[in-house]
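Beneath this line is the structure, given in structure tokens, with notes to follow.
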There are 2 protein chains.
Amino acid sequence: MADILHRIGVARSSPQRVYEALTTVDGLSGWWTEKTSGVTELGGVLEFRFAAGGFDMKVVELVPGRRVRWEVVDGPPEWVGTGVRWDLRQDGDFTIVVFAHEGWREPVEFMYHCSTKWAVFLLSLKRLLETGEGAPEPRDVRISDWH
Amino acid sequence: MADILHRIGVARSSPQRVYEALTTVDGLSGWWTEKTSGVTELGGVLEFRFAAGGFDMKVVELVPGRRVRWEVVDGPPEWVGTGVRWDLRQDGDFTIVVFAHEGWREPVEFMYHCSTKWAVFLLSLKRLLETGEGAPEPRDVRISDWH
């Protein structure tokens, strides 16, 4: 098993505001992909769509202002069965976001790509909260031939 | 053991040009830290310095235009003994950079931070090669309280 791990700090925000950006369609479509839909409650399925396909995530844990967990129930075969975990806390002036995309069966090259692309989207989340404007798909930063 | 993995594609470049940015003091100081010095040949030690400290890397493999490997011989205790691997190839219009920072003993929170920060510096490498101007420390993108 292999995991993608990231950590960012959001200035002038709060765990509650970051939590909202992770648990509402409006928030999610402001930093990840504009084509976000689905059910945001526990047990619901969120649908994230991109030019090249998409992911369906089941919401498996919600602790307001502290933790969000999703399980990938549809999407690229390498993603199905993996989990995404978000842990939030306030440290001084920064809301700290500790992120993991866990349980990849093999560290295939697609995982290397997704690791870098997650970093780009986490910076988009940070920018959304700090400035009011993120860079979700289709306005995301292109990193390679794999987009 | 845990690994940080990333992949970017550099447009309008070549494996040889990317290799030079990874194996010369001038290249390295153009995307990672302006305070780069040391011996770039096989068996030499490169010294990378930042406001918050730095890393000494022994050059353990050099395959021109294809591969570079470093071993961390001094720096934060979590880094010492880990390895950094760069694999390069041309795929159509992009020079593909496959990066790994391997052999972390534990996935400590500092590793989460370094994973995101490596992505930021890889984007700086990409920008240096595509535009002639990277964003090395001290002009790097700040991602959190840990810089």
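Chain labels A, B, ... are given in the sequence in which chains occur in the structure tokens; within each chain residues are numbered consecutively from 1, and ligands are likewise numbered from 1 in the order shown.
Within 9 Å of His6 in chain A, once only C-alpha atoms are used and residues closer than 6 positions along the same chain are dropped, the contacting residues are Val97, Val98, Phe99, Ala100, His101, Ser115, Trp118, Ala119 and Leu122 of chain A; Glu109, Met111, Tyr112, His113, Cys114, Ser115, Thr116 and Lys117 of chain B.
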Could you pull out the residues in chain B that DSSP calls helix (DSSP H, G or I) from the backbone, as an NGL selection string?
:B and (15-23 or 25-28 or 109-131)
Kindly save the residues from that selection, with N, CA, C and O atoms included, as a short mmCIF file (atom, residue, chain, number, x, y, z; two decimals), in the first residue's frame.
data_model
loop_
_atom_site.label_atom_id
_atom_site.label_comp_id
_atom_site.auth_asym_id
_atom_site.auth_seq_id
_atom_site.Cartn_x
_atom_site.Cartn_y
_atom_site.Cartn_z
N PRO B 15 15.29 16.17 -22.14
CA PRO B 15 15.89 15.49 -20.97
C PRO B 15 17.28 16.06 -20.65
O PRO B 15 17.64 16.18 -19.48
N GLN B 16 18.04 16.42 -21.68
CA GLN B 16 19.38 16.95 -21.42
C GLN B 16 19.31 18.30 -20.69
O GLN B 16 20.10 18.54 -19.77
N ARG B 17 18.37 19.15 -21.06
CA ARG B 17 18.25 20.46 -20.39
C ARG B 17 17.79 20.28 -18.95
O ARG B 17 18.26 20.98 -18.04
N VAL B 18 16.83 19.38 -18.72
CA VAL B 18 16.37 19.15 -17.34
C VAL B 18 17.52 18.57 -16.52
O VAL B 18 17.75 18.97 -15.36
N TYR B 19 18.26 17.65 -17.13
CA TYR B 19 19.41 17.04 -16.44
C TYR B 19 20.40 18.12 -15.99
O TYR B 19 20.92 18.08 -14.87
N GLU B 20 20.63 19.10 -16.85
CA GLU B 20 21.55 20.20 -16.49
C GLU B 20 21.03 21.01 -15.30
O GLU B 20 21.80 21.45 -14.45
N ALA B 21 19.71 21.19 -15.25
CA ALA B 21 19.11 21.94 -14.12
C ALA B 21 19.21 21.17 -12.81
O ALA B 21 19.01 21.74 -11.74
N LEU B 22 19.50 19.87 -12.90
CA LEU B 22 19.61 19.03 -11.70
C LEU B 22 21.06 18.72 -11.33
O LEU B 22 21.31 18.18 -10.26
N THR B 23 21.98 19.08 -12.20
CA THR B 23 23.37 18.63 -11.99
C THR B 23 24.40 19.75 -12.10
O THR B 23 25.59 19.48 -12.20
N VAL B 25 25.36 23.77 -10.34
CA VAL B 25 25.03 24.70 -9.26
C VAL B 25 24.15 25.83 -9.81
O VAL B 25 23.18 26.26 -9.16
N ASP B 26 24.45 26.25 -11.02
CA ASP B 26 23.65 27.31 -11.64
C ASP B 26 22.20 26.85 -11.83
O ASP B 26 21.25 27.57 -11.52
N GLY B 27 22.02 25.65 -12.34
CA GLY B 27 20.67 25.12 -12.55
C GLY B 27 19.92 24.95 -11.25
O GLY B 27 18.79 25.42 -11.09
N LEU B 28 20.54 24.28 -10.28
CA LEU B 28 19.86 24.00 -9.00
C LEU B 28 19.49 25.29 -8.27
O LEU B 28 18.41 25.37 -7.66
N GLU B 109 4.37 14.28 10.30
CA GLU B 109 3.70 15.42 9.67
C GLU B 109 4.68 16.26 8.85
O GLU B 109 4.29 16.87 7.84
N PHE B 110 5.94 16.28 9.24
CA PHE B 110 6.96 16.99 8.46
C PHE B 110 7.06 16.40 7.04
O PHE B 110 7.32 17.13 6.07
N MET B 111 6.83 15.10 6.91
CA MET B 111 6.84 14.47 5.57
C MET B 111 5.67 14.98 4.73
O MET B 111 5.84 15.23 3.52
N TYR B 112 4.50 15.14 5.33
CA TYR B 112 3.36 15.72 4.61
C TYR B 112 3.73 17.10 4.07
O TYR B 112 3.45 17.43 2.91
N HIS B 113 4.36 17.90 4.92
CA HIS B 113 4.78 19.25 4.50
C HIS B 113 5.79 19.18 3.36
O HIS B 113 5.66 19.89 2.34
N CYS B 114 6.79 18.32 3.50
CA CYS B 114 7.84 18.24 2.47
C CYS B 114 7.25 17.78 1.14
O CYS B 114 7.71 18.20 0.07
N SER B 115 6.25 16.91 1.19
CA SER B 115 5.62 16.43 -0.05
C SER B 115 5.01 17.60 -0.83
O SER B 115 5.24 17.75 -2.04
N THR B 116 4.26 18.45 -0.13
CA THR B 116 3.65 19.60 -0.81
C THR B 116 4.71 20.58 -1.28
O THR B 116 4.64 21.14 -2.38
N LYS B 117 5.72 20.77 -0.44
CA LYS B 117 6.78 21.72 -0.79
C LYS B 117 7.61 21.24 -1.98
O LYS B 117 8.01 22.04 -2.84
N TRP B 118 7.85 19.92 -2.06
CA TRP B 118 8.53 19.39 -3.26
C TRP B 118 7.72 19.71 -4.51
O TRP B 118 8.27 20.06 -5.56
N ALA B 119 6.38 19.57 -4.43
CA ALA B 119 5.55 19.88 -5.60
C ALA B 119 5.75 21.33 -6.02
O ALA B 119 5.88 21.64 -7.21
N VAL B 120 5.81 22.22 -5.04
CA VAL B 120 6.01 23.64 -5.33
C VAL B 120 7.36 23.86 -6.02
O VAL B 120 7.46 24.60 -7.01
N PHE B 121 8.40 23.18 -5.56
CA PHE B 121 9.71 23.36 -6.19
C PHE B 121 9.79 22.68 -7.56
O PHE B 121 10.51 23.15 -8.45
N LEU B 122 9.05 21.59 -7.75
CA LEU B 122 9.01 20.97 -9.08
C LEU B 122 8.32 21.91 -10.08
O LEU B 122 8.74 22.00 -11.24
N LEU B 123 7.30 22.61 -9.62
CA LEU B 123 6.66 23.60 -10.50
C LEU B 123 7.62 24.75 -10.79
O LEU B 123 7.60 25.33 -11.87
N SER B 124 8.48 25.06 -9.81
CA SER B 124 9.52 26.08 -10.03
C SER B 124 10.54 25.60 -11.07
O SER B 124 10.95 26.37 -11.95
N LEU B 125 10.93 24.33 -11.00
CA LEU B 125 11.83 23.74 -12.01
C LEU B 125 11.20 23.81 -13.40
O LEU B 125 11.84 24.21 -14.38
N LYS B 126 9.92 23.44 -13.46
CA LYS B 126 9.18 23.48 -14.74
C LYS B 126 9.19 24.91 -15.30
O LYS B 126 9.45 25.13 -16.48
N ARG B 127 8.91 25.87 -14.42
CA ARG B 127 8.83 27.26 -14.85
C ARG B 127 10.19 27.78 -15.29
O ARG B 127 10.31 28.51 -16.28
N LEU B 128 11.24 27.40 -14.55
CA LEU B 128 12.60 27.82 -14.94
C LEU B 128 12.90 27.38 -16.37
O LEU B 128 13.40 28.15 -17.19
N LEU B 129 12.57 26.11 -16.68
CA LEU B 129 12.92 25.57 -17.99
C LEU B 129 12.01 26.12 -19.09
O LEU B 129 12.44 26.29 -20.23
N GLU B 130 10.77 26.39 -18.75
CA GLU B 130 9.83 26.86 -19.78
C GLU B 130 9.92 28.37 -20.03
O GLU B 130 9.63 28.83 -21.12
N THR B 131 10.28 29.11 -18.97
CA THR B 131 10.24 30.58 -19.10
C THR B 131 11.59 31.25 -18.82
O THR B 131 11.72 32.45 -19.05
#
Nearest residue to Thr36 in chain A from the set A:Gly54, A:Pro76, A:Gly92, A:Gly83 (distances using only C-alpha atoms):
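Under the stated criterion, the closest residue is A:Gly54.
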Residue neighbourhood Arg139 in chain B, 12 Å, only C-alpha atoms, exclusion window fewer than 2 positions, as a list in words:
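Non-adjacent residues within range: Ser29, Gly30, Trp31, Trp32, Thr33, Glu34, Lys35, Phe50, Ala51, Val120, Phe121, Ser124, Glu133, Gly134, Ala135, Pro136, Glu137, Val141, Arg142 and His147 of chain B.
From CA of Ser37 in chain B back to CA of Met57 in chain B, the distance works out to 10.7 Å.
Straight-line separation from CA of Arg69 in chain B to CA of Val108 in chain A: 19.4 Å.
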Taking only C-alpha atoms into account, name the residue in A:Ala2, A:Gly9, A:Thr82, A:Glu102 that is nearest to chain B.
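Distance minimum relative to chain B lands on A:Gly9.
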Using only C-alpha atoms: which of A:Asp93, A:Glu41, A:Glu106, A:Arg67 has the shortest distance to chain B:
A:Asp93
Find the distance between CA of Trp79 in chain A and CA of Leu88 in chain B and write it in Å to one decimal.
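If I compute the distance from CA of Trp79 in chain A to CA of Leu88 in chain B, I get 25.3 Å.
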Can you list every residue in range 49-105 of chain A that DSSP puts in strand (DSSP E or B), as a ChimeraX atom specification?
/A:49-50,53-63,67-74,83-91,94-104
Pick out the closest residue to Val80 in chain A from this set: A:Arg7, A:Arg49, A:Arg12, A:Lys58. Count only C-alpha atoms.
A:Lys58
From the list B:Gly53, B:Gly132, B:Pro107, B:Pro138, which residue is nearest chain A when using only C-alpha atoms?
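Ranking B:Gly53, B:Gly132, B:Pro107, B:Pro138 by distance to chain A, first place goes to B:Pro107.
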